[in-house]
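Content type mmCIF, C-alpha atoms, from the file input31.cif:
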```cif
data_my_file
loop_
_atom_site.group_PDB
_atom_site.id
_atom_site.type_symbol
_atom_site.label_atom_id
_atom_site.label_comp_id
_atom_site.auth_asym_id
_atom_site.auth_seq_id
_atom_site.Cartn_x
_atom_site.Cartn_y
_atom_site.Cartn_z
ATOM 1 C CA MET A 1 -7.588 13.584 -16.995
ATOM 2 C CA ALA A 2 -4.902 11.270 -15.701
ATOM 3 C CA ARG A 3 -3.238 14.365 -14.234
ATOM 4 C CA THR A 4 -6.424 15.345 -12.381
ATOM 5 C CA VAL A 5 -6.605 11.862 -10.876
ATOM 6 C CA GLU A 6 -2.993 12.104 -9.684
ATOM 7 C CA LEU A 7 -3.609 15.574 -8.244
ATOM 8 C CA ALA A 8 -6.764 14.272 -6.538
ATOM 9 C CA ARG A 9 -4.703 11.447 -5.018
ATOM 10 C CA ARG A 10 -2.207 13.961 -3.633
ATOM 11 C CA HIS A 11 -5.012 16.178 -2.361
ATOM 12 C CA GLY A 12 -6.616 13.187 -0.644
ATOM 13 C CA ALA A 13 -3.275 12.166 0.877
ATOM 14 C CA ALA A 14 -3.168 15.636 2.426
ATOM 15 C CA GLY A 15 -6.468 14.889 4.171
ATOM 16 C CA GLN A 16 -8.618 16.919 1.791
ATOM 17 C CA LEU A 17 -11.559 15.644 -0.217
ATOM 18 C CA PRO A 18 -9.987 14.059 -3.318
ATOM 19 C CA PHE A 19 -11.634 15.966 -6.155
ATOM 20 C CA VAL A 20 -9.674 18.075 -8.673
ATOM 21 C CA ALA A 21 -10.570 19.716 -11.981
ATOM 22 C CA VAL A 22 -9.102 21.875 -14.726
ATOM 23 C CA VAL A 23 -10.811 24.119 -17.275
ATOM 24 C CA VAL A 24 -9.475 24.004 -20.829
ATOM 25 C CA ARG A 25 -10.370 26.223 -23.765
ATOM 26 C CA ASP A 26 -8.740 26.053 -27.175
ATOM 27 C CA GLY A 27 -6.181 23.566 -25.847
ATOM 28 C CA THR A 28 -5.037 25.831 -23.007
ATOM 29 C CA VAL A 29 -5.631 25.337 -19.288
ATOM 30 C CA ILE A 30 -7.381 28.504 -18.138
ATOM 31 C CA GLY A 31 -8.290 27.417 -14.623
ATOM 32 C CA ALA A 32 -7.684 24.760 -12.003
ATOM 33 C CA GLY A 33 -9.161 23.875 -8.667
ATOM 34 C CA ALA A 34 -9.312 21.352 -5.872
ATOM 35 C CA ASN A 35 -12.061 20.664 -3.392
ATOM 36 C CA THR A 36 -11.546 22.822 -0.296
ATOM 37 C CA THR A 37 -14.846 22.078 1.443
ATOM 38 C CA LEU A 38 -13.181 20.825 4.637
ATOM 39 C CA VAL A 39 -10.698 23.694 4.938
ATOM 40 C CA ASP A 40 -13.086 26.477 3.947
ATOM 41 C CA HIS A 41 -16.191 25.018 5.612
ATOM 42 C CA ASP A 42 -17.902 25.774 2.315
ATOM 43 C CA PRO A 43 -20.250 23.167 0.858
ATOM 44 C CA THR A 44 -19.853 24.744 -2.603
ATOM 45 C CA ALA A 45 -16.037 24.562 -2.667
ATOM 46 C CA HIS A 46 -15.986 21.587 -5.029
ATOM 47 C CA GLY A 47 -13.061 21.003 -7.410
ATOM 48 C CA GLU A 48 -15.039 21.836 -10.547
ATOM 49 C CA VAL A 49 -16.528 24.975 -8.986
ATOM 50 C CA ALA A 50 -13.082 26.090 -7.795
ATOM 51 C CA ALA A 51 -11.649 25.489 -11.290
ATOM 52 C CA ILE A 52 -14.473 27.472 -12.901
ATOM 53 C CA ARG A 53 -13.996 30.322 -10.405
ATOM 54 C CA ASP A 54 -10.269 30.311 -11.174
ATOM 55 C CA ALA A 55 -10.917 30.354 -14.936
ATOM 56 C CA THR A 56 -13.360 33.260 -14.723
ATOM 57 C CA ARG A 57 -10.890 35.260 -12.619
ATOM 58 C CA ARG A 58 -8.021 34.539 -15.009
ATOM 59 C CA THR A 59 -10.031 35.358 -18.126
ATOM 60 C CA GLY A 60 -11.729 38.358 -16.542
ATOM 61 C CA SER A 61 -15.098 37.074 -17.695
ATOM 62 C CA PRO A 62 -17.873 34.920 -16.256
ATOM 63 C CA ASP A 63 -18.400 33.523 -19.772
ATOM 64 C CA LEU A 64 -16.475 30.305 -20.377
ATOM 65 C CA ALA A 65 -18.256 29.453 -23.631
ATOM 66 C CA GLY A 66 -16.545 26.625 -25.459
ATOM 67 C CA ALA A 67 -14.518 25.505 -22.446
ATOM 68 C CA VAL A 68 -14.326 21.929 -21.207
ATOM 69 C CA VAL A 69 -13.852 20.936 -17.574
ATOM 70 C CA TYR A 70 -11.755 17.824 -16.986
ATOM 71 C CA SER A 71 -12.474 16.292 -13.610
ATOM 72 C CA SER A 72 -11.046 13.480 -11.541
ATOM 73 C CA CYS A 73 -14.555 12.266 -10.657
ATOM 74 C CA GLU A 74 -18.119 12.480 -11.939
ATOM 75 C CA PRO A 75 -19.491 15.934 -11.125
ATOM 76 C CA CYS A 76 -22.350 16.415 -8.701
ATOM 77 C CA ALA A 77 -25.486 18.455 -9.384
ATOM 78 C CA ILE A 78 -23.879 21.652 -8.049
ATOM 79 C CA CYS A 79 -20.872 21.335 -10.358
ATOM 80 C CA ARG A 80 -23.017 20.554 -13.393
ATOM 81 C CA THR A 81 -25.196 23.577 -12.714
ATOM 82 C CA VAL A 82 -22.266 25.967 -12.197
ATOM 83 C CA ALA A 83 -20.584 24.708 -15.362
ATOM 84 C CA ALA A 84 -23.732 25.284 -17.399
ATOM 85 C CA ALA A 85 -24.210 28.756 -15.891
ATOM 86 C CA ALA A 86 -20.659 29.640 -16.966
ATOM 87 C CA GLY A 87 -21.214 28.390 -20.508
ATOM 88 C CA VAL A 88 -18.921 25.376 -20.172
ATOM 89 C CA ARG A 89 -19.504 23.015 -23.121
ATOM 90 C CA GLU A 90 -19.083 19.811 -21.112
ATOM 91 C CA ILE A 91 -17.445 18.147 -18.149
ATOM 92 C CA VAL A 92 -15.346 15.075 -18.912
ATOM 93 C CA PHE A 93 -14.682 12.931 -15.849
ATOM 94 C CA ALA A 94 -12.348 10.043 -15.065
ATOM 95 C CA VAL A 95 -14.280 7.918 -12.564
ATOM 96 C CA GLY A 96 -18.005 7.568 -11.918
ATOM 97 C CA LYS A 97 -19.944 8.514 -8.813
ATOM 98 C CA GLU A 98 -20.416 4.835 -7.940
ATOM 99 C CA ALA A 99 -16.737 4.717 -6.908
ATOM 100 C CA VAL A 100 -17.146 7.405 -4.220
ATOM 101 C CA PRO A 101 -17.094 5.701 -0.814
ATOM 102 C CA ALA A 102 -19.739 6.297 1.855
ATOM 103 C CA ALA A 103 -17.113 8.031 4.027
ATOM 104 C CA ILE A 104 -17.127 10.830 1.442
ATOM 105 C CA ASP A 105 -20.750 10.655 0.255
ATOM 106 C CA PRO A 106 -22.958 9.212 2.997
ATOM 107 C CA THR A 107 -26.123 9.806 0.921
ATOM 108 C CA PRO A 108 -25.376 8.345 -2.526
ATOM 109 C CA ASP A 109 -29.088 7.861 -3.330
ATOM 110 C CA LEU A 110 -29.723 11.578 -2.840
ATOM 111 C CA THR A 111 -26.621 12.414 -4.884
ATOM 112 C CA VAL A 112 -27.897 10.280 -7.761
ATOM 113 C CA ARG A 113 -31.385 11.823 -7.635
ATOM 114 C CA LEU A 114 -29.943 15.346 -7.733
ATOM 115 C CA ILE A 115 -27.581 14.487 -10.588
ATOM 116 C CA ASP A 116 -30.455 12.891 -12.496
ATOM 117 C CA ALA A 117 -32.660 15.981 -11.963
ATOM 118 C CA VAL A 118 -29.965 18.342 -13.258
ATOM 119 C CA THR A 119 -29.052 16.014 -16.121
ATOM 120 C CA ALA A 120 -32.694 15.955 -17.226
ATOM 121 C CA GLN A 121 -32.401 19.713 -17.762
ATOM 122 C CA LEU A 122 -28.820 19.660 -19.036
ATOM 123 C CA PRO A 123 -28.431 16.489 -21.090
ATOM 124 C CA GLY A 124 -24.901 15.979 -22.314
ATOM 125 C CA ILE A 125 -23.285 18.347 -19.786
ATOM 126 C CA ALA A 126 -21.116 15.519 -18.400
ATOM 127 C CA ARG A 127 -19.616 12.337 -19.763
ATOM 128 C CA ARG A 128 -17.031 9.788 -18.736
ATOM 129 C CA GLY A 129 -13.754 10.025 -20.593
ATOM 130 C CA ASP A 130 -10.866 7.635 -20.901
ATOM 131 C CA ALA A 131 -8.068 8.597 -18.551
ATOM 132 C CA GLY A 132 -6.017 5.598 -19.663
ATOM 133 C CA LEU A 133 -5.783 4.378 -16.066
ATOM 134 C CA SER A 134 -6.652 1.116 -14.349
ATOM 135 C CA ALA A 135 -9.645 0.876 -12.019
ATOM 136 C CA GLU A 136 -7.193 0.760 -9.117
ATOM 137 C CA ASP A 137 -5.506 3.982 -10.268
ATOM 138 C CA LEU A 138 -8.867 5.701 -10.759
ATOM 139 C CA THR A 139 -9.921 4.972 -7.173
ATOM 140 C CA ALA A 140 -6.498 5.728 -5.622
ATOM 141 C CA PRO A 141 -7.592 9.249 -4.571
ATOM 142 C CA PHE A 142 -10.308 7.760 -2.350
ATOM 143 C CA ARG A 143 -7.886 5.320 -0.733
ATOM 144 C CA SER A 144 -5.370 8.135 -0.147
ATOM 145 C CA TYR A 145 -8.064 10.224 1.521
ATOM 146 C CA ALA A 146 -9.205 7.290 3.678
ATOM 147 C CA ASP A 147 -5.631 6.590 4.748
ATOM 148 C CA ALA A 148 -4.986 10.250 5.605
ATOM 149 C CA ALA A 149 -8.278 10.532 7.477
ATOM 150 C CA GLY A 150 -7.520 7.346 9.442
ATOM 151 C CA ARG A 151 -10.349 5.472 7.741
ATOM 152 C CA GLY A 152 -8.205 3.190 5.616
#
```
Could you spell out this file's structure in structure tokens?
Amino acid sequence: MARTVELARRHGAAGQLPFVAVVVRDGTVIGAGANTTLVDHDPTAHGEVAAIRDATRRTGSPDLAGAVVYSSCEPCAICRTVAAAAGVREIVFAVGKEAVPAAIDPTPDLTVRLIDAVTAQLPGIARRGDAGLSAEDLTAPFRSYADAAGRG
């Protein structure tokens, strides 16, 4: 997870939304992705979704049963739903949604309601893990993005 946070920081420093994820099954990374929403003009191009898409392409199967997604940040409702549809066992994230600044998520109340609605149907699909990083390190991707976007 610490690696996803560092990759998210680099992605943010490049002016892209700072969300990165990897898919792991049986101790092996089978997919990786970064949020490309701004570049692709695609509201579904989230890091977790991109990692799941990459894993299904690499494995040649839409079934990722038993896999775990490790994410730099708490997954939204879209990412939770896609993970469940692919059979992902769980998403383990480094930093919670409360750390996402308004410049990235201008409607945090809506985000929370959607996450809560999906979580009610998919309890246990996501949990916070210990990345072994300080609070400052965990939020560095957001600062990097703000600096690159001229909002810092």
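Considering the residues A:Phe19, A:Gly47, A:Asp109, A:Val95 and counting only C-alpha atoms, Asp137 of chain A has its shortest atom-to-atom contact with A:Val95.
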Mind giving me the straight-line distance from atom CA of Thr4 of chain A to atom CA of Tyr70 of chain A in Å, one decimal? 7.5 Å
Using the chain letters and numbers from the file, give me the residues hit by the PyMOL selection byres ((chain A and resi 146) around 12), as a ChimeraX atom specification. /A:9,11-18,100-104,139-145,147-152
Please define a box with edges along x, y and z of the file around all atoms of segment 116-123 of chain A given in the file, extend it by 5 Å on each side, and return its centre and edge lengths in Å to one decimal, as JSON.
```
{"center_x": -30.6, "center_y": 16.3, "center_z": -16.5, "size_x": 14.3, "size_y": 16.8, "size_z": 19.1}
```
Report the residues retrieved by the PyMOL selection byres ((chain A and resi 129) around 9) from the displayed file, expressed as a list of chain:residue names. A:Met1, A:Tyr70, A:Val92, A:Phe93, A:Ala94, A:Val95, A:Arg127, A:Arg128, A:Asp130, A:Ala131, A:Gly132
Can you spit out the residues from that selection as an mmCIF file, in the frame of the given file, using C-alpha atoms?
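To be explicit, this is the file written out as result20.cif:
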```
data_model
loop_
_atom_site.group_PDB
_atom_site.id
_atom_site.type_symbol
_atom_site.label_atom_id
_atom_site.label_comp_id
_atom_site.auth_asym_id
_atom_site.auth_seq_id
_atom_site.Cartn_x
_atom_site.Cartn_y
_atom_site.Cartn_z
ATOM 1 C CA MET A 1 -7.588 13.584 -16.995
ATOM 2 C CA TYR A 70 -11.755 17.824 -16.986
ATOM 3 C CA VAL A 92 -15.346 15.075 -18.912
ATOM 4 C CA PHE A 93 -14.682 12.931 -15.849
ATOM 5 C CA ALA A 94 -12.348 10.043 -15.065
ATOM 6 C CA VAL A 95 -14.280 7.918 -12.564
ATOM 7 C CA ARG A 127 -19.616 12.337 -19.763
ATOM 8 C CA ARG A 128 -17.031 9.788 -18.736
ATOM 9 C CA ASP A 130 -10.866 7.635 -20.901
ATOM 10 C CA ALA A 131 -8.068 8.597 -18.551
ATOM 11 C CA GLY A 132 -6.017 5.598 -19.663
#
```
Matched chain/residue IDs from the PyMOL selection byres ((chain A and resi 79) around 9), as an MDAnalysis selection string: chainID A and resid 44 46:49 75:78 80:84
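Here atom CA of Glu90 of chain A and atom CA of Thr37 of chain A stand 23.1 Å from one another.
Taking atom CA of Ala2 of chain A and atom CA of Leu138 of chain A as endpoints, the distance between them is 8.4 Å.
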